[in-house]
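Structure file input_18.cif (mmCIF, C-alpha atoms and all ligand atoms) follows.
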data_upload
#
loop_
_atom_site.label_atom_id
_atom_site.label_comp_id
_atom_site.auth_asym_id
_atom_site.auth_seq_id
_atom_site.Cartn_x
_atom_site.Cartn_y
_atom_site.Cartn_z
CA MET A 1 21.71 -10.26 -16.35
CA THR A 2 19.03 -9.75 -13.72
CA ASP A 3 18.43 -6.54 -11.83
CA SER A 4 19.95 -7.96 -8.72
CA GLN A 5 23.17 -8.84 -10.55
CA THR A 6 23.52 -5.45 -12.19
CA ASN A 7 22.33 -3.40 -9.28
CA PRO A 8 21.79 -5.05 -5.96
CA VAL A 9 19.53 -2.91 -3.84
CA ALA A 10 21.46 -4.30 -0.90
CA SER A 11 24.49 -2.16 -1.72
CA PHE A 12 22.48 1.02 -1.13
CA PRO A 13 21.37 2.11 2.33
CA PRO A 14 17.64 1.61 2.91
CA VAL A 15 15.68 4.76 2.12
CA VAL A 16 11.88 5.03 2.13
CA VAL A 17 10.28 7.58 -0.20
CA SER A 18 6.70 8.53 -0.81
CA GLY A 19 4.84 11.36 -2.52
CA ILE A 20 1.49 12.75 -1.42
CA GLN A 21 -0.83 14.54 -3.84
CA PRO A 22 -2.00 17.99 -2.74
CA SER A 23 -4.98 17.89 -5.07
CA GLY A 24 -7.87 17.69 -2.61
CA THR A 25 -8.85 17.21 1.00
CA LEU A 26 -7.41 13.98 2.40
CA HIS A 27 -10.06 11.41 3.27
CA LEU A 28 -10.53 8.20 5.25
CA GLY A 29 -9.45 6.11 2.23
CA ASN A 30 -6.16 8.01 2.12
CA TYR A 31 -5.77 7.60 5.87
CA PHE A 32 -6.27 3.83 6.07
CA GLY A 33 -4.73 3.13 2.65
CA ALA A 34 -1.61 5.27 2.98
CA ILE A 35 -1.14 7.90 5.68
CA ARG A 36 -1.41 5.58 8.67
CA GLN A 37 1.38 3.39 7.23
CA HIS A 38 3.43 6.46 6.28
CA VAL A 39 3.30 7.69 9.84
CA GLU A 40 4.43 4.28 11.10
CA LEU A 41 7.22 4.02 8.53
CA HIS A 42 8.63 7.51 8.90
CA ALA A 43 9.65 6.89 12.48
CA ALA A 44 11.38 3.58 11.76
CA HIS A 45 13.40 4.35 8.60
CA GLU A 46 15.38 7.10 6.92
CA SER A 47 12.59 8.56 4.81
CA TYR A 48 11.65 11.35 2.46
CA PHE A 49 7.98 12.30 2.25
CA PHE A 50 7.17 15.04 -0.21
CA ILE A 51 4.06 16.90 -1.25
CA VAL A 52 3.96 16.41 -5.02
CA ASN A 53 2.88 19.83 -6.20
CA TYR A 54 4.48 19.39 -9.66
CA HIS A 55 2.35 16.28 -10.15
CA ALA A 56 -0.76 18.08 -8.91
CA LEU A 57 -0.26 20.75 -11.59
CA THR A 58 -1.07 18.16 -14.25
CA THR A 59 -4.70 18.33 -13.12
CA LEU A 60 -5.06 21.27 -10.71
CA GLN A 61 -4.32 24.59 -12.38
CA ASP A 62 -5.51 27.03 -9.77
CA ALA A 63 -2.66 28.69 -7.85
CA GLU A 64 -4.67 29.54 -4.77
CA ALA A 65 -6.09 26.02 -4.46
CA LEU A 66 -2.68 24.41 -5.01
CA ARG A 67 -1.11 26.58 -2.29
CA ALA A 68 -3.96 25.85 0.14
CA TYR A 69 -3.97 22.07 -0.48
CA SER A 70 -0.19 21.91 -0.15
CA ILE A 71 -0.31 23.50 3.30
CA ASP A 72 -3.32 21.34 4.20
CA VAL A 73 -1.40 18.14 3.45
CA ALA A 74 1.48 19.30 5.63
CA LEU A 75 -0.95 20.17 8.43
CA ASP A 76 -2.68 16.78 8.08
CA TYR A 77 0.58 14.82 8.28
CA LEU A 78 1.93 16.79 11.22
CA ALA A 79 -1.38 16.55 13.07
CA LEU A 80 -1.57 12.79 12.44
CA GLY A 81 1.81 12.17 14.03
CA PHE A 82 4.52 12.83 11.45
CA ASP A 83 7.50 13.96 13.50
CA PRO A 84 9.85 16.21 11.49
CA LYS A 85 12.69 15.31 13.86
CA LYS A 86 12.48 11.69 12.71
CA SER A 87 12.13 12.13 8.94
CA HIS A 88 11.85 14.69 6.21
CA LEU A 89 8.63 16.30 5.00
CA PHE A 90 8.89 18.83 2.20
CA LEU A 91 7.54 20.22 -1.05
CA GLN A 92 8.50 18.46 -4.28
CA SER A 93 9.20 21.82 -5.96
CA ASP A 94 11.76 22.70 -3.28
CA VAL A 95 14.08 20.10 -4.83
CA PRO A 96 14.71 21.25 -8.42
CA GLN A 97 17.05 18.29 -8.97
CA VAL A 98 13.93 16.15 -9.39
CA THR A 99 12.91 17.79 -12.67
CA GLU A 100 16.54 17.73 -13.80
CA LEU A 101 16.66 13.97 -13.26
CA ALA A 102 13.29 13.55 -14.97
CA TRP A 103 14.86 15.07 -18.09
CA LEU A 104 17.67 12.50 -18.07
CA PHE A 105 15.04 9.78 -17.80
CA TYR A 106 12.98 11.18 -20.72
CA THR A 107 15.95 10.51 -22.95
CA ILE A 108 15.97 6.81 -22.10
CA THR A 109 12.20 6.17 -22.14
CA SER A 110 10.31 5.06 -25.21
CA VAL A 111 7.02 6.77 -25.99
CA SER A 112 5.38 3.36 -26.49
CA GLN A 113 6.12 2.38 -22.88
CA LEU A 114 4.37 5.51 -21.60
CA GLU A 115 1.43 4.89 -23.94
CA LYS A 116 0.81 1.62 -22.10
CA SER A 117 0.46 3.35 -18.72
CA VAL A 118 -2.79 2.29 -17.08
CA SER A 119 -3.01 5.36 -14.87
CA PHE A 120 -2.66 7.70 -17.90
CA LYS A 121 -5.42 5.83 -19.74
CA ASP A 122 -7.62 5.89 -16.62
CA LYS A 123 -7.19 9.61 -16.15
CA VAL A 124 -7.97 10.39 -19.77
CA ALA A 125 -11.01 8.09 -19.58
CA GLN A 126 -12.16 10.15 -16.56
CA GLY A 127 -12.14 13.18 -18.86
CA LEU A 128 -8.89 14.83 -17.72
CA GLY A 129 -7.03 16.72 -20.46
CA ALA A 130 -4.22 14.59 -21.90
CA ASN A 131 -1.41 17.12 -21.31
CA ALA A 132 2.23 16.12 -21.66
CA GLY A 133 2.71 16.39 -17.90
CA LEU A 134 0.08 13.74 -17.29
CA PHE A 135 1.59 11.57 -20.02
CA ASN A 136 5.07 11.86 -18.51
CA TYR A 137 3.87 11.44 -14.94
CA PRO A 138 5.55 8.04 -14.38
CA ILE A 139 8.91 9.53 -15.36
CA LEU A 140 8.67 12.33 -12.84
CA GLN A 141 7.51 9.75 -10.33
CA ALA A 142 10.61 7.64 -11.04
CA ALA A 143 12.78 10.72 -10.58
CA ASP A 144 10.97 11.44 -7.29
CA ILE A 145 12.05 8.07 -5.99
CA LEU A 146 15.52 7.74 -7.45
CA VAL A 147 16.78 11.26 -6.81
CA TYR A 148 16.84 10.34 -3.09
CA GLY A 149 18.18 6.84 -3.76
CA GLY A 150 14.86 5.39 -2.63
CA THR A 151 14.99 1.64 -2.04
CA ARG A 152 11.47 1.13 -0.68
CA VAL A 153 8.32 2.77 -1.90
CA PRO A 154 5.12 2.32 0.08
CA VAL A 155 2.29 2.40 -2.46
CA GLY A 156 -1.19 1.08 -3.05
CA ALA A 157 -1.51 -1.90 -5.43
CA ASP A 158 -2.86 0.54 -8.06
CA GLN A 159 0.61 2.07 -8.35
CA LYS A 160 2.49 -1.16 -9.05
CA GLN A 161 2.88 -0.49 -12.77
CA ASN A 162 4.46 2.91 -12.17
CA ILE A 163 6.97 1.39 -9.76
CA GLU A 164 7.82 -1.13 -12.49
CA ILE A 165 8.56 1.80 -14.84
CA CYS A 166 10.80 3.26 -12.13
CA ARG A 167 12.66 -0.03 -11.67
CA ASN A 168 13.18 -0.29 -15.44
CA LEU A 169 14.52 3.25 -15.56
CA ALA A 170 16.99 2.67 -12.72
CA SER A 171 18.30 -0.51 -14.39
CA ARG A 172 18.41 1.07 -17.85
CA PHE A 173 20.24 4.14 -16.59
CA ASN A 174 22.80 2.03 -14.75
CA ASP A 175 23.29 -0.34 -17.70
CA ARG A 176 23.68 2.47 -20.19
CA PHE A 177 25.76 4.95 -18.22
CA ALA A 178 27.15 3.38 -15.10
CA SER A 179 27.43 -0.39 -15.45
CA ALA A 180 30.65 -0.60 -13.40
CA ASP A 181 29.35 1.48 -10.53
CA PRO A 182 25.53 1.78 -10.47
CA VAL A 183 24.21 5.25 -9.67
CA PHE A 184 20.71 4.22 -8.63
CA PRO A 185 19.25 1.39 -6.57
CA VAL A 186 16.42 -0.61 -8.14
CA PRO A 187 13.68 0.09 -5.62
CA GLU A 188 11.22 -2.42 -4.24
CA PRO A 189 7.54 -1.57 -3.98
CA TYR A 190 6.22 -1.99 -0.50
CA ILE A 191 2.64 -2.77 -1.41
CA LEU A 192 0.21 -1.81 1.29
CA ASP A 193 -2.06 -4.66 0.21
CA GLU A 194 -3.34 -5.73 3.58
CA VAL A 195 -5.57 -2.66 3.50
CA ALA A 196 -9.05 -3.29 2.15
CA VAL A 197 -10.51 -0.70 -0.17
CA VAL A 198 -12.30 1.85 1.98
CA PRO A 199 -15.84 2.43 0.68
CA GLY A 200 -17.22 5.92 0.20
CA VAL A 201 -20.68 7.09 1.28
CA ASP A 202 -22.13 5.71 -1.98
CA GLY A 203 -20.51 2.28 -1.54
CA ARG A 204 -17.97 2.76 -4.36
CA LYS A 205 -14.25 3.11 -3.56
CA MET A 206 -13.84 6.29 -1.53
CA SER A 207 -12.19 8.76 -3.90
CA LYS A 208 -12.15 12.50 -4.38
CA SER A 209 -12.98 11.85 -8.05
CA TYR A 210 -16.34 10.33 -7.01
CA ASP A 211 -17.29 13.05 -4.55
CA ASN A 212 -18.12 10.35 -1.97
CA THR A 213 -15.47 11.04 0.66
CA ILE A 214 -15.45 11.60 4.40
CA GLY A 215 -12.55 13.93 5.20
CA ILE A 216 -10.16 12.88 7.97
CA PHE A 217 -10.75 16.18 9.68
CA ASP A 218 -14.42 16.65 8.90
CA GLU A 219 -16.24 17.52 12.10
CA GLY A 220 -19.55 18.72 13.53
CA LYS A 221 -22.49 19.00 11.16
CA THR A 222 -20.42 18.25 8.05
CA LEU A 223 -19.20 14.95 9.47
CA LYS A 224 -22.64 13.99 10.77
CA LYS A 225 -24.30 14.75 7.44
CA LYS A 226 -21.81 12.62 5.54
CA VAL A 227 -22.05 9.66 7.91
CA MET A 228 -25.84 9.80 7.87
CA SER A 229 -25.80 9.80 4.06
CA ILE A 230 -23.97 6.45 3.77
CA ILE A 231 -26.04 4.22 1.52
CA THR A 232 -27.54 1.09 3.09
CA ASP A 233 -30.18 -1.40 1.98
CA SER A 234 -33.78 -1.13 3.16
CA THR A 235 -33.92 -4.03 5.66
CA PRO A 236 -36.39 -2.95 8.41
CA LEU A 237 -34.97 -2.05 11.81
CA GLU A 238 -36.31 -5.15 13.58
CA ASP A 239 -34.87 -7.67 11.06
CA PRO A 240 -31.47 -9.36 11.41
CA LYS A 241 -28.81 -7.90 9.08
CA ASP A 242 -25.58 -9.13 7.54
CA PRO A 243 -22.77 -6.85 8.75
CA GLU A 244 -20.40 -8.11 6.04
CA THR A 245 -22.46 -6.59 3.20
CA CYS A 246 -22.99 -3.21 4.90
CA ASN A 247 -20.99 -0.07 4.00
CA VAL A 248 -21.42 1.34 7.50
CA PHE A 249 -20.00 -1.81 9.09
CA ALA A 250 -17.09 -1.82 6.60
CA LEU A 251 -16.12 1.60 8.02
CA ILE A 252 -16.83 0.62 11.64
CA LYS A 253 -14.43 -2.32 11.21
CA LEU A 254 -11.60 0.07 10.41
CA PHE A 255 -12.04 2.03 13.62
CA ALA A 256 -13.26 -0.46 16.21
CA ASP A 257 -11.14 -2.78 18.33
CA ASP A 258 -11.94 -6.51 18.24
CA ALA A 259 -14.41 -6.41 21.13
CA LYS A 260 -16.36 -3.47 19.71
CA ARG A 261 -16.39 -5.07 16.25
CA GLU A 262 -17.82 -8.31 17.63
CA GLU A 263 -20.39 -6.44 19.68
CA VAL A 264 -21.66 -4.45 16.69
CA ALA A 265 -21.64 -7.51 14.38
CA ALA A 266 -23.69 -9.44 16.94
CA ALA A 267 -26.17 -6.56 17.18
CA TYR A 268 -26.56 -6.56 13.36
CA ARG A 269 -27.26 -10.30 13.33
CA SER A 270 -29.70 -10.33 16.22
CA GLY A 271 -32.13 -7.77 14.72
CA GLY A 272 -33.61 -4.73 16.43
CA TYR A 273 -30.46 -2.78 15.52
CA GLY A 274 -31.00 -0.29 12.69
CA TYR A 275 -28.59 1.36 10.28
CA GLY A 276 -29.23 4.61 12.15
CA HIS A 277 -27.76 3.00 15.29
CA ALA A 278 -24.75 1.80 13.32
CA LYS A 279 -24.19 5.25 11.84
CA LYS A 280 -24.25 6.83 15.31
CA GLU A 281 -21.70 4.27 16.45
CA LEU A 282 -19.49 5.12 13.47
CA LEU A 283 -19.82 8.86 14.09
CA GLY A 284 -18.63 8.35 17.67
CA LEU A 285 -15.71 6.18 16.57
CA ILE A 286 -14.50 8.67 13.93
CA THR A 287 -14.80 11.60 16.33
CA GLU A 288 -12.91 9.77 19.04
CA ARG A 289 -10.14 8.41 16.80
CA PHE A 290 -9.16 11.81 15.44
CA ALA A 291 -9.95 13.93 18.52
CA GLU A 292 -6.30 14.55 19.49
CA ALA A 293 -5.15 14.99 15.91
CA ARG A 294 -7.98 17.44 15.29
CA GLU A 295 -6.91 19.49 18.29
CA ARG A 296 -3.30 19.46 17.12
CA ARG A 297 -4.37 20.46 13.62
CA HIS A 298 -6.31 23.45 14.95
CA GLU A 299 -3.22 24.57 16.88
CA LEU A 300 -0.89 24.06 13.92
CA SER A 301 -3.18 25.92 11.56
CA ARG A 302 -2.74 28.98 13.76
CA ASN A 303 1.04 28.67 13.34
CA THR A 304 1.71 28.35 9.62
CA ASP A 305 5.19 29.83 10.15
CA TYR A 306 6.12 26.67 12.01
CA VAL A 307 4.68 24.52 9.21
CA LEU A 308 6.65 26.45 6.57
CA ASP A 309 9.81 26.09 8.69
CA VAL A 310 9.30 22.32 8.84
CA LEU A 311 8.90 22.20 5.04
CA ALA A 312 11.95 24.44 4.53
CA GLU A 313 14.11 22.26 6.77
CA GLY A 314 12.86 19.08 5.06
CA GLY A 315 13.55 20.66 1.66
CA LYS A 316 17.14 21.37 2.66
CA LYS A 317 17.65 17.71 3.58
CA GLY A 318 15.95 16.67 0.36
CA ARG A 319 18.21 18.90 -1.76
CA THR A 320 21.38 17.62 -0.09
CA GLN A 321 20.43 14.00 -0.70
CA ALA A 322 19.23 14.74 -4.26
CA GLU A 323 22.40 16.64 -5.15
CA HIS A 324 24.49 13.67 -4.08
CA PHE A 325 22.71 11.42 -6.60
CA MET A 326 22.50 14.11 -9.29
CA GLU A 327 26.24 14.80 -9.18
CA ARG A 328 26.87 11.16 -9.96
CA ALA A 329 24.16 11.09 -12.63
CA ARG A 330 25.58 14.20 -14.38
CA GLU A 331 29.04 12.74 -14.28
CA ALA A 332 27.87 9.37 -15.61
CA THR A 333 26.01 10.94 -18.54
CA GLY A 334 28.79 13.35 -19.50
CA LEU A 335 27.05 16.57 -18.51
CA ILE A 336 29.76 19.05 -17.66
CA THR A 337 28.88 21.58 -14.97
CA THR A 338 31.04 24.63 -14.44
CA TYR A 339 29.10 26.55 -11.83
CA ASN A 340 31.16 25.16 -8.96
CA ARG A 341 34.54 26.09 -10.48
P1 LIG B 401 -8.18 9.64 -4.69
O1 LIG B 401 -8.77 8.37 -5.26
O2 LIG B 401 -9.09 10.28 -3.69
O3 LIG B 401 -7.71 10.59 -5.78
P2 LIG B 401 -5.38 9.10 -4.35
O4 LIG B 401 -5.33 8.33 -5.63
O5 LIG B 401 -4.72 10.45 -4.29
O6 LIG B 401 -6.91 9.22 -3.87
O7 LIG B 401 -4.86 8.17 -3.17
C1 LIG B 401 -3.59 8.20 -2.59
C2 LIG B 401 -3.38 6.85 -1.90
O8 LIG B 401 -4.38 6.69 -0.88
C3 LIG B 401 -3.58 5.65 -2.84
O9 LIG B 401 -2.39 5.25 -3.46
C4 LIG B 401 -4.08 4.58 -1.89
O10 LIG B 401 -2.97 3.94 -1.28
C5 LIG B 401 -4.83 5.34 -0.84
N1 LIG B 401 -6.28 5.30 -1.07
C6 LIG B 401 -7.03 6.22 -1.72
N2 LIG B 401 -8.34 5.89 -1.70
C7 LIG B 401 -8.43 4.72 -1.03
C8 LIG B 401 -9.51 3.86 -0.64
N3 LIG B 401 -10.79 4.15 -0.94
N4 LIG B 401 -9.22 2.73 0.03
C9 LIG B 401 -7.95 2.42 0.38
N5 LIG B 401 -6.89 3.20 0.07
C10 LIG B 401 -7.10 4.33 -0.62
#

If you took the structure in this file and wrote it as structure tokens, what would it be?
Ligand code: ADP
Amino acid sequence: MTDSQTNPVASFPPVVVSGIQPSGTLHLGNYFGAIRQHVELHAAHESYFFIVNYHALTTLQDAEALRAYSIDVALDYLALGFDPKKSHLFLQSDVPQVTELAWLFYTITSVSQLEKSVSFKDKVAQGLGANAGLFNYPILQAADILVYGGTRVPVGADQKQNIEICRNLASRFNDRFASADPVFPVPEPYILDEVAVVPGVDGRKMSKSYDNTIGIFDEGKTLKKKVMSIITDSTPLEDPKDPETCNVFALIKLFADDAKREEVAAAYRSGGYGYGHAKKELLGLITERFAEARERRHELSRNTDYVLDVLAEGGKKGRTQAEHFMERAREATGLITTYNR
């Protein structure tokens, strides 16, 4: 039987879920590759966005840094337009049902399947310690999605394999424990593939692991220094240049409207336009794009009580939804609970 026969996603209400890592300062790659779409989606669908602090612990074991990054992510999302009246934003660890569900999933996952995980192999190759949390990451990620009955998961193409593990787990759980009345939907990835990879200042993929990022909320001297450090070739100022092979233009393209893009491309091709000019243009575009959000972020950062209230309220909604699915999962697996007697 196919997934759709055993567990049609159509019989579950549409729910969008996404986790955000609080393991570093969010950068332009995160913005164009994920956050911008999250902010669009959260207003249009029932959605649960959570700051995955349990996941972050697999690599970030510094309590002060984890606390600070977690609040930073909340500030970033709220400043960039996430409206807590429209959807739920909360901390992963405020919903303990997620680790409870992860345990149920451990018992139906083979070690060999986890050993094939590309993201685990990548992380170990990058020199990260192969702890059991990192190894089991895709299981917790599946629980993150399914504990809210997630049907759509906006992710980058790099996450496709983990979503496949999640789909397998939902089907396997339903087949094994709840074939007559499926507990979990089999979620669809919503691959954000129209987004090109955003280059970092060194021309490689912008990533906090490469130390080549421009932070969304970098400003002043820091921002200027980073933009000016973007690597370009050594074509002299007066010569014509190919915009399509230039890292600066790749970033300009993300910010500029069609008219501005054409204007800058034409200037590249005609000569007499140096990389310094292009970098100044980019600096102006970044500053302008995030001006309002930056202002909002400054205000919010002076009111962390409000931010914590938003997270607390989101967490309450998250727990209610998670408990609904967990009650059914406990029942289906034969786990007796007596605390509500
Ligand atoms: P990092 O590489 O800095 O650790 P993450 O892996 O935490 O970033 O990225 C979270 C999401 O942000 C990714 O799933 C992807 O959708 C998006 N993203 C990150 N870097 C880029 C980039 N350079 N270009 C496009 N999207 C990106």

6 Å contact set for range 98-102 of chain A, all atoms listed in the file, chain neighbours under 2 positions out, as a PyMOL selection string: chain A and resi 96+104-105+139-140+143-144

Pick out the closest residue to Ser234 in chain A from this set: A:Ala170, A:Cys246, A:Ala130, A:Val197. Count only C-alpha atoms.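 Among the listed residues, A:Cys246 lies closest to Ser234 in chain A.
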
Output, as lines of an AutoDock Vina configuration file, the centre and edge lengths in Å (one decimal) of the axis-aligned box that contains all listed atoms of ligand LIG 401 (chain B) with 8 Å of margin on each side.
center_x = -6.6
center_y = 6.5
center_z = -2.7
size_x = 24.4
size_y = 24.2
size_z = 22.2

May I have the residues within 10 Å of ligand LIG 401 (chain B), computed using only C-alpha atoms and all ligand atoms, as a PyMOL selection string? chain A and resi 19-35+37+56+119+154-160+191-200+203-213

Give the answer as one residue: which of A:Asn53, A:Ser110, A:Glu40, A:Ala259 has the shortest atom-to-atom distance to Phe82 in chain A, using all atoms listed in the file?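 Between A:Asn53, A:Ser110, A:Glu40, A:Ala259, the residue approaching Phe82 in chain A most closely is A:Glu40.
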
Which residue of A:Cys166, A:Ala278, A:Ala322, A:Val39 approaches Pro84 in chain A most closely, using only C-alpha atoms: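 Distance minimum relative to Pro84 in chain A lands on A:Val39.
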
Nearest to Tyr77 in chain A, restricted to all atoms listed in the file and choosing among A:Phe217, A:Tyr273, A:Tyr106, A:Phe12, comes out as A:Phe217

Just the number, please: distance in Å from CA of Ile165 in chain A to CA of Tyr48 in chain A, one decimal.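 Between CA of Ile165 in chain A and CA of Tyr48 in chain A the gap is 20.0 Å.
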
Of the residues A:Pro13, A:Gly215, A:Pro243, A:Gly276, which is the one nearest to Ile230 in chain A, using all atoms listed in the file?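 So, comparing all the options, the nearest one is A:Gly276.
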
Residue nearest Ile163 in chain A - candidates A:Gln92, A:Ser18, A:Thr107, A:Thr58, atoms counted: only C-alpha atoms: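 The closest residue to Ile163 in chain A is A:Ser18.
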
How many Å lie between CA of Lys316 in chain A and CA of Ala79 in chain A, rounded to one decimal? 21.8 Å

Name all residues at most 12 Å from Phe50 in chain A (count only C-alpha atoms; drop same-chain ones fewer than 5 positions away) and give them as a PyMOL selection string. chain A and resi 16-22+38+42+55+70-71+73-74+77+87-95+98+141+144-145+148+310-312+314-315+317-319

Between CA of Leu80 in chain A and CA of His277 in chain A - distance in Å to one decimal: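 CA of His277 in chain A sits 28.1 Å away from CA of Leu80 in chain A.
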
Distance query Ser270 in chain A at most 12 Å, only C-alpha atoms, self and fewer than 4 positions along chain excluded, as a ChimeraX atom specification: /A:237-243,263-266,274
